[in-house]
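First the structure, in the form of structure tokens, and then the observations on it.
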Amino acid sequence: MNTPSNMLALGTKAPFFELPNPSKTNELQSLEELKGENGTLVIFMCNHCPFVLHVIDKINELYEDYNDKGIEFIAINANDIEKYPDDSPEKMIEFQIDRRFDFPYLFDESQAVAKAYDAACTPDFYFFDDKLDLVYRGQMDDSRPGNNKDVTGEDLIIAFENLLAGEAQEEIQRPSMGCNIKWK
């Protein structure tokens with residue numbers, strides 16, 4: 001099912017969270033601890049969604065390109081693991097190892113954080129500035145599974161570059177599209 005982002009209002013303060021990181025023996029990690037010096041990209045995603053699988057390698061590449069420029073990525077899985085055991089914390093660890101990404105991948109078992117962000121789909125992207133004000137939300141680029149467009153990360157790259165250059169963000173921001181978050 002193709003579900004678009006809800007497009008949280010720009011300027012919204014990043015809702016606080018503290019969630020367990022399965023890859024670090026469920027150590028609780030908070031937004032305050034993890035946030036980037038210049039910007040923070042919060043990504044709602046999961047292990048099994050074809051839309052996430054389609055872009056995860058490019059997300060990792062962007063992380064490698066922008067992490068040393070003070071932009072941190074934080075991924076959050078909020079899916080109902082009773083109905084979708086492929087998204088369990090154990091499988092999150094396997095997915096992180098398999099796809100070789102280093103950014104934190106946290107588990108939102110109660111789904112309270114996903115609700116606070118008004119997240120709708122996987123992947124859903126929220127980019128905050130150094131003050132944790134929302135400056136971009138929406139798609140990573142125009143590519144979707146099966147539409148034969150290259151995965152470029154273009155929309156996120158523009159948002160990152162605008163932030164780093166102190167420029168205004170694009171006025172037109174297009175929603176991300178993906179599988180709906182598997183609510184309880």
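Order determines the names: the first chain of the structure tokens is A, the second B, and so forth; residues in each chain are numbered 1 upward, and ligands are numbered 1 upward as they are shown.
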Residues near Gly178 of chain A, anyone? I mean within 9 Å using only C-alpha atoms, not counting same-chain ones fewer than 4 positions away, as an mmCIF file with N, CA, C and O atoms, in the first residue's frame.
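The file below, out29.cif, is the result:
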data_model
loop_
_atom_site.group_PDB
_atom_site.id
_atom_site.type_symbol
_atom_site.label_atom_id
_atom_site.label_comp_id
_atom_site.auth_asym_id
_atom_site.auth_seq_id
_atom_site.Cartn_x
_atom_site.Cartn_y
_atom_site.Cartn_z
ATOM 1 N N MET A 1 0.839 -1.184 0.000
ATOM 2 C CA MET A 1 0.000 0.000 0.000
ATOM 3 C C MET A 1 0.881 1.243 0.000
ATOM 4 O O MET A 1 1.788 1.376 0.818
ATOM 5 N N ASN A 2 0.655 2.153 -0.943
ATOM 6 C CA ASN A 2 1.448 3.371 -1.023
ATOM 7 C C ASN A 2 0.865 4.439 -0.109
ATOM 8 O O ASN A 2 -0.211 4.943 -0.356
ATOM 9 N N THR A 3 1.596 4.762 0.936
ATOM 10 C CA THR A 3 1.148 5.751 1.917
ATOM 11 C C THR A 3 2.082 6.950 1.848
ATOM 12 O O THR A 3 3.300 6.779 1.961
ATOM 13 N N PRO A 4 1.547 8.182 1.679
ATOM 14 C CA PRO A 4 2.418 9.362 1.663
ATOM 15 C C PRO A 4 2.676 9.899 3.073
ATOM 16 O O PRO A 4 1.926 9.608 4.004
ATOM 17 N N SER A 5 3.716 10.726 3.198
ATOM 18 C CA SER A 5 3.990 11.433 4.452
ATOM 19 C C SER A 5 2.828 12.339 4.812
ATOM 20 O O SER A 5 2.154 12.863 3.930
ATOM 21 N N CYS A 49 10.368 -3.517 4.555
ATOM 22 C CA CYS A 49 9.614 -2.732 3.570
ATOM 23 C C CYS A 49 10.400 -2.573 2.265
ATOM 24 O O CYS A 49 11.554 -2.157 2.280
ATOM 25 N N PRO A 50 9.769 -2.885 1.119
ATOM 26 C CA PRO A 50 10.477 -2.758 -0.168
ATOM 27 C C PRO A 50 10.941 -1.336 -0.465
ATOM 28 O O PRO A 50 11.963 -1.128 -1.120
ATOM 29 N N PHE A 51 10.203 -0.336 0.049
ATOM 30 C CA PHE A 51 10.611 1.056 -0.176
ATOM 31 C C PHE A 51 11.900 1.369 0.589
ATOM 32 O O PHE A 51 12.760 2.101 0.104
ATOM 33 N N VAL A 52 12.031 0.826 1.797
ATOM 34 C CA VAL A 52 13.255 1.017 2.585
ATOM 35 C C VAL A 52 14.417 0.268 1.924
ATOM 36 O O VAL A 52 15.517 0.819 1.757
ATOM 37 N N ALA A 120 3.983 8.428 8.968
ATOM 38 C CA ALA A 120 2.941 7.669 8.280
ATOM 39 C C ALA A 120 3.484 6.464 7.522
ATOM 40 O O ALA A 120 2.805 5.459 7.380
ATOM 41 N N CYS A 121 4.706 6.605 7.007
ATOM 42 C CA CYS A 121 5.196 5.573 6.086
ATOM 43 C C CYS A 121 6.650 5.220 6.392
ATOM 44 O O CYS A 121 7.333 5.892 7.149
ATOM 45 N N THR A 122 7.098 4.126 5.771
ATOM 46 C CA THR A 122 8.515 3.761 5.821
ATOM 47 C C THR A 122 9.026 3.767 4.373
ATOM 48 O O THR A 122 8.464 3.059 3.550
ATOM 49 N N PRO A 123 10.032 4.585 4.065
ATOM 50 C CA PRO A 123 10.720 5.531 4.947
ATOM 51 C C PRO A 123 10.006 6.883 5.014
ATOM 52 O O PRO A 123 9.394 7.300 4.045
ATOM 53 N N ASP A 124 10.084 7.521 6.177
ATOM 54 C CA ASP A 124 9.569 8.879 6.361
ATOM 55 C C ASP A 124 10.729 9.699 6.922
ATOM 56 O O ASP A 124 11.365 9.273 7.890
ATOM 57 N N ARG A 144 11.191 5.295 -6.752
ATOM 58 C CA ARG A 144 10.363 4.340 -6.005
ATOM 59 C C ARG A 144 10.629 2.963 -6.590
ATOM 60 O O ARG A 144 10.996 2.854 -7.762
#
Quiz item: If we count only C-alpha atoms, what is near segment 30-40 of chain A at a cut-off of 12 Å, once residues fewer than 6 positions away on the same chain are taken out, given as a PyMOL selection string?
Solution: chain A and resi 13-21+63+66-76+103-108+113+125-137+156+159-166
Quiz prompt | d(atom CA of Asn148 of chain A, atom CA of Ala78 of chain A) in Å | solution =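 Going from atom CA of Asn148 of chain A over to atom CA of Ala78 of chain A, I get 28.7 Å.
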Quiz prompt | Best match for closeness to Pro22 of chain A among A:Ile157, A:Ala114, A:Ala168, A:Met92, counting only C-alpha atoms | solution = A:Met92
Quiz prompt | strand (DSSP E or B) residues, from DSSP on the backbone, in segment 42-81 of chain A, as an NGL selection string | solution = :A and (42-44 or 71-77)
Could those selected residues go to a file with N, CA and C atoms, as an mmCIF file, in the first residue's frame?
data_model
loop_
_atom_site.group_PDB
_atom_site.id
_atom_site.type_symbol
_atom_site.label_atom_id
_atom_site.label_comp_id
_atom_site.auth_asym_id
_atom_site.auth_seq_id
_atom_site.Cartn_x
_atom_site.Cartn_y
_atom_site.Cartn_z
ATOM 1 N N VAL A 42 15.910 12.439 11.124
ATOM 2 C CA VAL A 42 15.206 11.331 11.769
ATOM 3 C C VAL A 42 14.476 10.565 10.662
ATOM 4 N N ILE A 43 14.724 9.255 10.614
ATOM 5 C CA ILE A 43 14.144 8.410 9.559
ATOM 6 C C ILE A 43 13.296 7.329 10.206
ATOM 7 N N PHE A 44 12.008 7.304 9.894
ATOM 8 C CA PHE A 44 11.183 6.171 10.320
ATOM 9 C C PHE A 44 11.296 5.117 9.235
ATOM 10 N N ILE A 71 26.089 16.419 10.389
ATOM 11 C CA ILE A 71 24.699 15.979 10.247
ATOM 12 C C ILE A 71 24.602 14.527 10.710
ATOM 13 N N GLU A 72 23.758 14.308 11.708
ATOM 14 C CA GLU A 72 23.581 12.957 12.268
ATOM 15 C C GLU A 72 22.280 12.357 11.727
ATOM 16 N N PHE A 73 22.285 11.050 11.527
ATOM 17 C CA PHE A 73 21.078 10.323 11.135
ATOM 18 C C PHE A 73 20.645 9.465 12.320
ATOM 19 N N ILE A 74 19.334 9.402 12.563
ATOM 20 C CA ILE A 74 18.781 8.514 13.594
ATOM 21 C C ILE A 74 17.602 7.781 12.962
ATOM 22 N N ALA A 75 17.709 6.460 12.857
ATOM 23 C CA ALA A 75 16.611 5.670 12.298
ATOM 24 C C ALA A 75 15.774 5.092 13.435
ATOM 25 N N ILE A 76 14.468 5.021 13.206
ATOM 26 C CA ILE A 76 13.538 4.499 14.212
ATOM 27 C C ILE A 76 12.579 3.521 13.549
ATOM 28 N N ASN A 77 12.441 2.357 14.157
ATOM 29 C CA ASN A 77 11.469 1.346 13.706
ATOM 30 C C ASN A 77 10.326 1.318 14.712
#
Quiz prompt | Within 9 Å of Asp142 of chain A using only C-alpha atoms, minus same-chain residues under 4 positions, as an MDAnalysis selection string | solution = chainID A and resid 147 149:155 174 176
Quiz item: Given the choices A:Ile172, A:Ala116, A:Ile181, A:Ile59, which gets closest to Met140 of chain A if the distance is worked out from only C-alpha atoms?
Solution: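 Selected residue with least distance to Met140 of chain A: A:Ile59.
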Self-check item: Selection near segment 85-87 of chain A, 8 Å with only C-alpha atoms, sequence-local residues under 4 positions removed, as a list in words
Solution: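 After dropping sequence-adjacent residues, the list is Cys46, Asn47, His48, Asn77, Asn79, Asp80, Ile81, Lys91 and Met92 of chain A.
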Export of prior selection with all heavy atoms as a PDB file, in the first residue's frame:
ATOM      1  N   CYS A  46      11.994   0.447   8.576  1.00  0.00           N
ATOM      2  CA  CYS A  46      11.894  -0.894   9.147  1.00  0.00           C
ATOM      3  C   CYS A  46      12.777  -1.816   8.311  1.00  0.00           C
ATOM      4  O   CYS A  46      13.462  -1.354   7.404  1.00  0.00           O
ATOM      5  CB  CYS A  46      10.442  -1.368   9.167  1.00  0.00           C
ATOM      6  SG  CYS A  46       9.736  -1.521   7.522  1.00  0.00           S
ATOM      7  N   ASN A  47      12.756  -3.100   8.624  1.00  0.00           N
ATOM      8  CA  ASN A  47      13.666  -4.036   7.955  1.00  0.00           C
ATOM      9  C   ASN A  47      13.118  -4.591   6.651  1.00  0.00           C
ATOM     10  O   ASN A  47      13.872  -4.902   5.742  1.00  0.00           O
ATOM     11  CB  ASN A  47      13.960  -5.240   8.859  1.00  0.00           C
ATOM     12  CG  ASN A  47      14.392  -4.838  10.247  1.00  0.00           C
ATOM     13  OD1 ASN A  47      15.029  -3.813  10.444  1.00  0.00           O
ATOM     14  ND2 ASN A  47      14.027  -5.642  11.233  1.00  0.00           N
ATOM     15  N   HIS A  48      11.796  -4.782   6.584  1.00  0.00           N
ATOM     16  CA  HIS A  48      11.262  -5.593   5.490  1.00  0.00           C
ATOM     17  C   HIS A  48      10.616  -4.807   4.358  1.00  0.00           C
ATOM     18  O   HIS A  48      10.348  -5.358   3.304  1.00  0.00           O
ATOM     19  CB  HIS A  48      10.244  -6.607   6.041  1.00  0.00           C
ATOM     20  CG  HIS A  48       8.877  -6.025   6.239  1.00  0.00           C
ATOM     21  ND1 HIS A  48       8.538  -5.298   7.364  1.00  0.00           N
ATOM     22  CD2 HIS A  48       7.781  -6.024   5.436  1.00  0.00           C
ATOM     23  CE1 HIS A  48       7.273  -4.896   7.244  1.00  0.00           C
ATOM     24  NE2 HIS A  48       6.794  -5.317   6.094  1.00  0.00           N
ATOM     25  N   ASN A  77      12.441   2.357  14.157  1.00  0.00           N
ATOM     26  CA  ASN A  77      11.469   1.346  13.706  1.00  0.00           C
ATOM     27  C   ASN A  77      10.326   1.318  14.712  1.00  0.00           C
ATOM     28  O   ASN A  77      10.540   1.041  15.883  1.00  0.00           O
ATOM     29  CB  ASN A  77      12.149  -0.025  13.625  1.00  0.00           C
ATOM     30  CG  ASN A  77      11.168  -1.169  13.456  1.00  0.00           C
ATOM     31  OD1 ASN A  77      10.065  -1.005  12.941  1.00  0.00           O
ATOM     32  ND2 ASN A  77      11.575  -2.351  13.887  1.00  0.00           N
ATOM     33  N   ASN A  79       7.276  -0.364  13.884  1.00  0.00           N
ATOM     34  CA  ASN A  79       6.277  -1.339  13.436  1.00  0.00           C
ATOM     35  C   ASN A  79       5.857  -2.301  14.540  1.00  0.00           C
ATOM     36  O   ASN A  79       6.618  -2.609  15.460  1.00  0.00           O
ATOM     37  CB  ASN A  79       6.791  -2.134  12.235  1.00  0.00           C
ATOM     38  CG  ASN A  79       6.566  -1.390  10.925  1.00  0.00           C
ATOM     39  OD1 ASN A  79       6.068  -0.274  10.905  1.00  0.00           O
ATOM     40  ND2 ASN A  79       6.933  -2.023   9.828  1.00  0.00           N
ATOM     41  N   ASP A  80       4.625  -2.782  14.424  1.00  0.00           N
ATOM     42  CA  ASP A  80       4.073  -3.783  15.341  1.00  0.00           C
ATOM     43  C   ASP A  80       4.744  -5.127  15.041  1.00  0.00           C
ATOM     44  O   ASP A  80       4.490  -5.732  14.007  1.00  0.00           O
ATOM     45  CB  ASP A  80       2.559  -3.876  15.120  1.00  0.00           C
ATOM     46  CG  ASP A  80       1.911  -4.961  15.973  1.00  0.00           C
ATOM     47  OD1 ASP A  80       2.630  -5.628  16.749  1.00  0.00           O
ATOM     48  OD2 ASP A  80       0.692  -5.145  15.845  1.00  0.00           O
ATOM     49  N   ILE A  81       5.614  -5.568  15.965  1.00  0.00           N
ATOM     50  CA  ILE A  81       6.394  -6.782  15.677  1.00  0.00           C
ATOM     51  C   ILE A  81       5.608  -8.067  15.926  1.00  0.00           C
ATOM     52  O   ILE A  81       6.045  -9.135  15.519  1.00  0.00           O
ATOM     53  CB  ILE A  81       7.732  -6.803  16.451  1.00  0.00           C
ATOM     54  CG1 ILE A  81       7.502  -6.815  17.955  1.00  0.00           C
ATOM     55  CG2 ILE A  81       8.606  -5.636  16.023  1.00  0.00           C
ATOM     56  CD1 ILE A  81       8.752  -7.080  18.764  1.00  0.00           C
ATOM     57  N   LYS A  91      15.964  -8.869  14.519  1.00  0.00           N
ATOM     58  CA  LYS A  91      16.107  -8.721  13.064  1.00  0.00           C
ATOM     59  C   LYS A  91      16.658  -7.329  12.700  1.00  0.00           C
ATOM     60  O   LYS A  91      17.308  -7.171  11.677  1.00  0.00           O
ATOM     61  CB  LYS A  91      14.753  -8.944  12.373  1.00  0.00           C
ATOM     62  CG  LYS A  91      14.222 -10.381  12.496  1.00  0.00           C
ATOM     63  CD  LYS A  91      14.778 -11.215  11.394  1.00  0.00           C
ATOM     64  CE  LYS A  91      14.129 -12.496  11.052  1.00  0.00           C
ATOM     65  NZ  LYS A  91      13.634 -13.465  11.814  1.00  0.00           N
ATOM     66  N   MET A  92      16.389  -6.331  13.547  1.00  0.00           N
ATOM     67  CA  MET A  92      16.971  -4.996  13.327  1.00  0.00           C
ATOM     68  C   MET A  92      18.499  -5.073  13.398  1.00  0.00           C
ATOM     69  O   MET A  92      19.196  -4.464  12.590  1.00  0.00           O
ATOM     70  CB  MET A  92      16.468  -4.003  14.379  1.00  0.00           C
ATOM     71  CG  MET A  92      15.023  -3.588  14.198  1.00  0.00           C
ATOM     72  SD  MET A  92      14.386  -2.641  15.637  1.00  0.00           S
ATOM     73  CE  MET A  92      15.400  -1.153  15.586  1.00  0.00           C
TER      74      MET A  92
END
Quiz prompt | Distance criterion (only C-alpha atoms): nearest to Lys184 of chain A out of A:Ser88, A:Lys83, A:Ile93, A:Gly146 | solution =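 Ranking A:Ser88, A:Lys83, A:Ile93, A:Gly146 by distance to Lys184 of chain A, first place goes to A:Lys83.
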Practice problem: Going by DSSP on the backbone, which bits of chain A are alpha helix (DSSP H)? Write them as a PyMOL selection string, please. | Solution: chain A and resi 31-34+50-66+89-99+112-116+154-165
